[in-house]
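One file, protein10.txt, carrying compact mmCIF, C-alpha atoms:
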# COMPACT_ATOMS: atom_id res chain seq x y z
CA MET M 742 -7.45 -11.61 -124.42
CA THR M 743 -5.33 -12.18 -121.30
CA ALA M 744 -3.82 -9.18 -119.58
CA PRO M 745 -0.03 -8.98 -119.29
CA ARG M 746 1.17 -10.29 -115.98
CA SER M 747 3.97 -9.00 -113.84
CA PRO M 748 6.89 -11.26 -112.95
CA ALA M 749 6.58 -13.24 -109.76
CA ALA M 750 8.75 -12.63 -106.72
CA PRO M 751 9.42 -8.90 -107.18
CA GLY M 752 12.13 -7.07 -105.27
CA HIS M 753 15.64 -8.12 -104.31
CA ALA M 754 14.80 -11.82 -104.02
CA GLY M 755 13.28 -11.95 -107.49
CA ALA M 756 16.18 -9.98 -108.96
CA TRP M 757 18.68 -12.38 -107.41
CA VAL M 758 16.82 -15.37 -108.86
CA ARG M 759 16.88 -13.79 -112.32
CA CYS M 760 20.56 -12.89 -111.95
CA CYS M 761 21.40 -16.49 -111.09
CA ALA M 762 19.33 -17.68 -114.05
CA GLY M 763 21.33 -15.48 -116.42
CA ALA M 764 24.61 -16.65 -114.93
CA THR M 765 23.56 -20.30 -115.17
CA ALA M 766 22.53 -19.91 -118.81
CA SER M 767 25.98 -18.51 -119.59
CA LEU M 768 28.01 -21.30 -118.01
CA PRO M 769 27.94 -23.70 -121.01
CA MET M 770 29.32 -20.97 -123.25
CA LEU M 771 32.38 -20.60 -121.05
CA PHE M 772 33.77 -23.70 -122.77
CA GLY M 773 34.26 -21.42 -125.76
CA VAL M 774 35.30 -18.32 -123.82
CA ILE M 775 38.04 -19.98 -121.75
CA PRO M 776 40.31 -21.15 -124.61
CA PHE M 777 39.61 -17.94 -126.51
CA GLY M 778 40.77 -15.89 -123.51
CA LEU M 779 43.85 -18.05 -123.03
CA VAL M 780 44.77 -17.56 -126.68
CA LEU M 781 44.35 -13.78 -126.45
CA GLY M 782 46.42 -13.58 -123.27
CA ALA M 783 49.19 -15.69 -124.80
CA GLN M 784 49.23 -13.60 -127.99
CA ALA M 785 49.29 -10.39 -125.94
CA ALA M 786 52.29 -11.67 -123.99
CA GLN M 787 54.04 -12.55 -127.25
CA ALA M 788 53.34 -9.00 -128.47
CA GLY M 789 55.13 -7.59 -125.41
CA LEU M 790 52.30 -6.82 -122.97
CA THR M 791 52.92 -7.60 -119.30
CA PRO M 792 50.61 -9.74 -117.10
CA PHE M 793 49.43 -6.44 -115.55
CA GLU M 794 48.71 -4.74 -118.88
CA VAL M 795 46.71 -7.66 -120.29
CA PRO M 796 43.86 -7.60 -117.71
CA LEU M 797 43.94 -3.80 -117.86
CA MET M 798 43.32 -3.98 -121.62
CA THR M 799 40.69 -6.71 -121.46
CA GLY M 800 38.90 -5.11 -118.51
CA LEU M 801 38.70 -1.59 -119.93
CA ASN M 802 38.07 -2.66 -123.53
CA PHE M 803 35.72 -5.59 -122.95
CA ALA M 804 35.50 -6.77 -126.56
CA GLY M 805 37.51 -9.79 -127.64
CA GLY M 806 37.21 -9.32 -131.39
CA SER M 807 38.66 -5.82 -131.33
CA GLU M 808 41.41 -6.94 -128.94
CA PHE M 809 42.50 -9.64 -131.37
CA ALA M 810 42.39 -7.09 -134.18
CA ALA M 811 44.52 -4.65 -132.15
CA LEU M 812 47.11 -7.34 -131.39
CA GLY M 813 47.22 -8.22 -135.07
CA LEU M 814 48.25 -4.64 -135.80
CA TRP M 815 50.64 -4.34 -132.85
CA ALA M 816 54.11 -3.15 -133.77
CA ALA M 817 56.89 -1.02 -132.31
CA PRO M 818 55.66 1.68 -132.21
CA PRO M 819 52.01 0.62 -132.57
CA PRO M 820 49.94 2.43 -135.25
CA VAL M 821 47.61 4.09 -132.77
CA LEU M 822 45.23 5.72 -135.26
CA LEU M 823 44.83 2.54 -137.29
CA ILE M 824 44.23 0.48 -134.14
CA MET M 825 41.61 2.99 -132.96
CA ALA M 826 39.85 2.93 -136.34
CA VAL M 827 39.81 -0.85 -136.59
CA THR M 828 38.69 -1.22 -132.97
CA PHE M 829 35.81 1.19 -133.53
CA LEU M 830 34.68 -0.60 -136.68
CA VAL M 831 34.86 -4.05 -135.10
CA ASN M 832 32.94 -2.84 -132.04
CA SER M 833 30.44 -0.82 -134.07
CA ARG M 834 28.17 -3.87 -134.23
CA MET M 835 27.41 -3.03 -130.60
CA LEU M 836 25.58 0.07 -131.85
CA VAL M 837 23.16 -2.15 -133.76
CA MET M 838 22.83 -4.59 -130.86
CA GLY M 839 22.18 -1.77 -128.40
CA ALA M 840 19.59 -0.26 -130.72
CA ALA M 841 17.81 -3.62 -130.88
CA MET M 842 17.56 -3.62 -127.07
CA THR M 843 16.34 -0.03 -126.80
CA PRO M 844 12.57 -0.74 -127.12
CA PHE M 845 12.81 -3.03 -124.08
CA LEU M 846 14.70 -0.58 -121.84
CA HIS M 847 12.24 2.29 -121.53
CA HIS M 848 11.13 1.21 -118.05
CA LEU M 849 14.70 1.46 -116.69
CA PRO M 850 16.52 4.65 -115.60
CA LYS M 851 19.55 5.63 -117.65
CA ARG M 852 21.78 5.56 -114.57
CA LYS M 853 21.25 1.77 -114.60
CA VAL M 854 21.14 1.19 -118.35
CA LEU M 855 24.29 3.03 -119.45
CA PRO M 856 26.74 1.32 -117.04
CA SER M 857 25.12 -2.04 -117.82
CA LEU M 858 25.69 -1.64 -121.56
CA PHE M 859 29.44 -1.53 -120.93
CA LEU M 860 29.22 -5.24 -120.05
CA MET M 861 27.35 -6.23 -123.22
CA THR M 862 28.87 -9.01 -125.30
CA ASP M 863 27.58 -10.92 -128.30
CA ALA M 864 26.82 -13.90 -126.07
CA SER M 865 25.10 -12.02 -123.23
CA TRP M 866 23.11 -10.00 -125.76
CA ALA M 867 21.92 -13.14 -127.55
CA LEU M 868 21.00 -14.88 -124.29
CA SER M 869 19.22 -11.82 -122.91
CA MET M 870 17.25 -11.20 -126.11
CA ALA M 871 16.20 -14.86 -126.19
CA ASP M 872 15.04 -14.55 -122.57
CA THR M 873 13.19 -11.34 -123.44
CA ARG M 874 11.34 -13.08 -126.27
CA ARG M 875 10.35 -15.94 -123.98
CA ARG M 876 9.03 -13.56 -121.32
CA ALA M 877 7.14 -11.53 -123.93
CA GLU M 878 5.46 -14.69 -125.24
CA LEU M 879 4.39 -15.50 -121.68
CA GLY M 880 2.95 -12.01 -121.27
CA ILE M 881 5.41 -11.00 -118.53
CA VAL M 882 5.87 -7.24 -118.13
CA PRO M 883 8.52 -5.98 -118.41
CA ALA M 884 9.83 -8.51 -120.90
CA PHE M 885 13.46 -7.46 -120.48
CA SER M 886 15.11 -8.53 -117.22
CA LEU M 887 18.08 -6.37 -116.28
CA ALA M 888 19.04 -8.82 -113.54
CA TYR M 889 19.17 -11.72 -116.03
CA TYR M 890 21.28 -9.64 -118.41
CA LEU M 891 23.71 -8.59 -115.67
CA GLY M 892 24.04 -12.14 -114.39
CA SER M 893 24.99 -13.32 -117.85
CA SER M 894 27.30 -10.39 -118.60
CA LEU M 895 29.19 -10.53 -115.30
CA VAL M 896 29.99 -14.21 -115.80
CA PHE M 897 31.62 -13.43 -119.14
CA TYR M 898 33.37 -10.33 -117.79
CA VAL M 899 35.00 -12.09 -114.84
CA ALA M 900 35.88 -15.17 -116.88
CA TRP M 901 37.35 -13.07 -119.68
CA ILE M 902 39.69 -11.08 -117.45
CA ALA M 903 40.74 -14.20 -115.52
CA CYS M 904 41.42 -16.27 -118.64
CA THR M 905 43.33 -13.56 -120.50
CA THR M 906 45.48 -12.97 -117.42
CA LEU M 907 46.13 -16.69 -117.08
CA GLY M 908 46.98 -16.87 -120.77
CA ALA M 909 49.50 -14.06 -120.38
CA LEU M 910 51.13 -15.89 -117.47
CA LEU M 911 51.18 -19.31 -119.15
CA GLY M 912 51.78 -18.10 -122.70
CA PRO M 913 55.58 -18.49 -122.63
CA LEU M 914 55.16 -22.04 -121.33
CA LEU M 915 52.51 -23.08 -123.86
CA GLY M 916 54.18 -21.70 -126.96
CA HIS M 917 51.93 -20.91 -129.91
CA PRO M 918 48.30 -21.69 -128.94
CA GLU M 919 47.39 -22.30 -132.58
CA ALA M 920 49.35 -25.54 -132.37
CA TYR M 921 46.62 -26.90 -130.08
CA GLY M 922 43.77 -25.68 -132.25
CA LEU M 923 42.52 -23.40 -129.46
CA ASP M 924 42.18 -20.47 -131.84
CA MET M 925 39.11 -22.17 -133.35
CA ALA M 926 37.23 -22.60 -130.06
CA PHE M 927 35.29 -19.33 -129.98
CA PRO M 928 34.65 -19.14 -133.75
CA ALA M 929 33.04 -22.57 -133.39
CA VAL M 930 30.83 -21.27 -130.57
CA PHE M 931 29.77 -18.30 -132.67
CA LEU M 932 28.87 -20.54 -135.59
CA VAL M 933 26.47 -22.33 -133.26
CA MET M 934 25.08 -18.97 -132.08
CA LEU M 935 24.61 -17.77 -135.65
CA ARG M 936 22.67 -20.93 -136.41
CA GLY M 937 20.25 -20.02 -133.64
CA MET M 938 19.91 -16.49 -135.03
CA TRP M 939 19.28 -17.69 -138.59
CA ARG M 940 16.27 -15.99 -140.18
CA GLY M 941 16.71 -17.06 -143.81
CA TRP M 942 18.93 -16.05 -146.71
CA ARG M 943 17.24 -12.68 -147.25
CA ARG M 944 18.47 -11.47 -143.85
CA ALA M 945 21.83 -13.24 -144.09
CA TRP M 946 23.22 -11.40 -147.06
CA PRO M 947 24.97 -8.68 -144.93
CA TRP M 948 26.96 -11.53 -143.37
CA LEU M 949 27.89 -12.79 -146.83
CA VAL M 950 28.86 -9.30 -148.01
CA SER M 951 31.07 -8.85 -144.94
CA LEU M 952 32.69 -12.26 -145.50
CA ALA M 953 33.34 -11.62 -149.19
CA VAL M 954 34.80 -8.14 -148.66
CA ALA M 955 36.99 -9.31 -145.77
CA GLY M 956 38.27 -12.26 -147.82
CA LEU M 957 39.10 -10.13 -150.85
CA THR M 958 40.78 -7.47 -148.72
CA TYR M 959 42.83 -10.13 -146.90
CA ARG M 960 43.93 -11.51 -150.26
CA PHE M 961 44.93 -8.28 -151.97
CA VAL M 962 45.61 -5.65 -149.26
CA PRO M 963 48.53 -6.06 -146.83
CA GLY M 964 48.02 -5.63 -143.11
CA ALA M 965 44.87 -6.15 -141.06
CA TRP M 966 42.61 -3.84 -143.07
CA TYR M 967 40.42 -6.84 -143.91
CA VAL M 968 38.91 -6.58 -140.40
CA ALA M 969 37.83 -2.98 -140.89
CA ALA M 970 36.73 -3.57 -144.48
CA GLY M 971 34.60 -6.58 -143.58
CA ALA M 972 32.99 -4.85 -140.60
CA LEU M 973 32.20 -1.68 -142.54
CA ALA M 974 30.84 -3.62 -145.52
CA GLY M 975 28.58 -5.66 -143.26
CA ILE M 976 27.24 -2.55 -141.52
CA LEU M 977 26.53 -0.78 -144.82
CA ALA M 978 24.86 -3.89 -146.22
CA ALA M 979 22.66 -4.20 -143.13
CA LEU M 980 21.67 -0.53 -143.36
CA ALA M 981 20.85 -0.92 -147.04
CA ALA M 982 18.71 -3.99 -146.32
CA ALA M 983 16.86 -2.45 -143.37
CA PRO M 984 13.17 -1.68 -144.02
CA ARG M 985 12.48 2.01 -144.30
CA HIS M 986 9.37 2.02 -142.09
CA ALA M 987 10.00 -0.78 -139.60
CA ALA M 988 8.39 -0.72 -136.20
CA PRO M 989 10.68 -0.21 -133.19
CA GLY M 990 12.81 -3.23 -132.43
CA GLY M 991 12.07 -4.79 -135.81
CA ALA M 992 8.60 -5.88 -134.73
CA ARG M 993 5.71 -5.88 -137.13
CA PRO M 994 3.04 -3.24 -136.62
CA SER M 995 0.15 -4.63 -134.61
CA ARG M 996 -3.14 -5.09 -136.41
CA PRO M 997 -6.17 -3.16 -135.24
CA PRO M 998 -8.60 -5.27 -133.21
CA LYS M 999 -11.58 -6.71 -135.01
CA GLN M 1000 -14.85 -4.96 -134.40

So that I can check it, write out the structure of this file as structure tokens.
Amino acid sequence: MTAPRSPAAPGHAGAWVRCCAGATASLPMLFGVIPFGLVLGAQAAQAGLTPFEVPLMTGLNFAGGSEFAALGLWAAPPPVLLIMAVTFLVNSRMLVMGAAMTPFLHHLPKRKVLPSLFLMTDASWALSMADTRRRAELGIVPAFSLAYYLGSSLVFYVAWIACTTLGALLGPLLGHPEAYGLDMAFPAVFLVMLRGMWRGWRRAWPWLVSLAVAGLTYRFVPGAWYVAAGALAGILAALAAAPRHAAPGGARPSRPPKQ
């Protein structure tokens, strides 16, 4: 049995290399983020937000899905309580994603972990967890690289604010972005990501429950309640499907060594 090995090039130099690796891994996904941000900025401008308010919203509430949901509910005056409830439900998946990362964060102080989690996105989470699995298979300790995660997350954060601001400025010139098909850019990227996260039909049924409930709610209930209904149904389905005595992080319990 080989002993776990520590990562090479420790210190600031090694952290910078890992940060650049995370940023580089995120660059291809910007082809999906850029049009998605332009669409959100344009829709926010059409809803009445100024080019100053758009980056303020996207920078403080760094979660594109909930921002689209909030704009879908925007009115004069906006239903604040409904927007808060829908935003919480859409973003509540971050609770599950953060919990999945927890077993790999014990070696880090909370003063570093908590601010870093603000930058978490679906894409940076998926990339970081994939990197963590690779490092764990190689026996590198610690498996989770905070520098890699931050490099990935910061790329998305800067690009998101820049693209939504640009969309708000160019929105009146472009007209409705749906006419160009840009509204399908990021959903297409996420379909590719979901394919990489596929673990069989038994683990996919919370997705199907969420899809079915959201579709039925969209068909029969006016307004944007389908977003909240689909998110809540998916969370409840995932909780119902979760094993009662799973090991931390979803890993299988290790077998005792043979005598």

Nearest candidate to Tyr967 of chain M (options M:Leu814, M:Ala981, M:Phe897, M:Val821; using all atoms listed in the file):
M:Leu814

Within 8 Å of segment 866-869 of chain M using only C-alpha atoms, minus same-chain residues under 2 positions, as a PyMOL selection string
chain M and resi 763+766-767+838+861-864+871-873+885-886+889-890+893

Please write the residues from the selection above to a file, keeping C-alpha atoms, as a PDB file, keeping the file's coordinate frame.
ATOM      1  CA  GLY M 763      21.330 -15.480-116.420  1.00  0.00           C
ATOM      2  CA  ALA M 766      22.530 -19.910-118.810  1.00  0.00           C
ATOM      3  CA  SER M 767      25.980 -18.510-119.590  1.00  0.00           C
ATOM      4  CA  MET M 838      22.830  -4.590-130.860  1.00  0.00           C
ATOM      5  CA  MET M 861      27.350  -6.230-123.220  1.00  0.00           C
ATOM      6  CA  THR M 862      28.870  -9.010-125.300  1.00  0.00           C
ATOM      7  CA  ASP M 863      27.580 -10.920-128.300  1.00  0.00           C
ATOM      8  CA  ALA M 864      26.820 -13.900-126.070  1.00  0.00           C
ATOM      9  CA  ALA M 871      16.200 -14.860-126.190  1.00  0.00           C
ATOM     10  CA  ASP M 872      15.040 -14.550-122.570  1.00  0.00           C
ATOM     11  CA  THR M 873      13.190 -11.340-123.440  1.00  0.00           C
ATOM     12  CA  PHE M 885      13.460  -7.460-120.480  1.00  0.00           C
ATOM     13  CA  SER M 886      15.110  -8.530-117.220  1.00  0.00           C
ATOM     14  CA  TYR M 889      19.170 -11.720-116.030  1.00  0.00           C
ATOM     15  CA  TYR M 890      21.280  -9.640-118.410  1.00  0.00           C
ATOM     16  CA  SER M 893      24.990 -13.320-117.850  1.00  0.00           C
TER      17      SER M 893
END

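Each of M:Leu790, M:Ala840, M:Cys904, M:Val954 was checked against Leu977 of chain M using all atoms listed in the file; the smallest atom-to-atom distance is that of M:Val954.
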
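Straight-line separation from atom CA of Ala974 of chain M to atom CA of Val827 of chain M: 13.0 Å.
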
Quick one: everything within 10 Å of Glu794 of chain M, counting all atoms listed in the file, minus sequence neighbours fewer than 6 positions away in the same chain. Send it as a PyMOL selection string.
chain M and resi 785-786+800+906+909

Could you tell me how far atom CA of Trp901 of chain M lies from atom CA of Gly782 of chain M, in Å and to one decimal?
9.8 Å

Can you build me a table of segment 743-857 of chain M residues sitting at most 12 Å from segment 912-915 of chain M, with the closest atom pair per residue and its distance in Å to one decimal, using only C-alpha atoms, sorted by chain and residue number, as a Markdown table?
| residue | atom | partner | partner_atom | distance |
| --- | --- | --- | --- | --- |
| M:Gly778 | CA | M:Gly912 | CA | 11.3 |
| M:Leu779 | CA | M:Gly912 | CA | 7.9 |
| M:Val780 | CA | M:Gly912 | CA | 8.1 |
| M:Leu781 | CA | M:Gly912 | CA | 9.4 |
| M:Gly782 | CA | M:Gly912 | CA | 7.0 |
| M:Ala783 | CA | M:Gly912 | CA | 4.1 |
| M:Gln784 | CA | M:Gly912 | CA | 7.4 |
| M:Ala785 | CA | M:Gly912 | CA | 8.7 |
| M:Ala786 | CA | M:Gly912 | CA | 6.6 |
| M:Gln787 | CA | M:Gly912 | CA | 7.5 |
| M:Ala788 | CA | M:Gly912 | CA | 10.9 |
| M:Gly789 | CA | M:Pro913 | CA | 11.3 |
| M:Leu790 | CA | M:Gly912 | CA | 11.3 |
| M:Thr791 | CA | M:Gly912 | CA | 11.1 |
| M:Pro792 | CA | M:Gly912 | CA | 10.1 |
| M:Val795 | CA | M:Gly912 | CA | 11.9 |
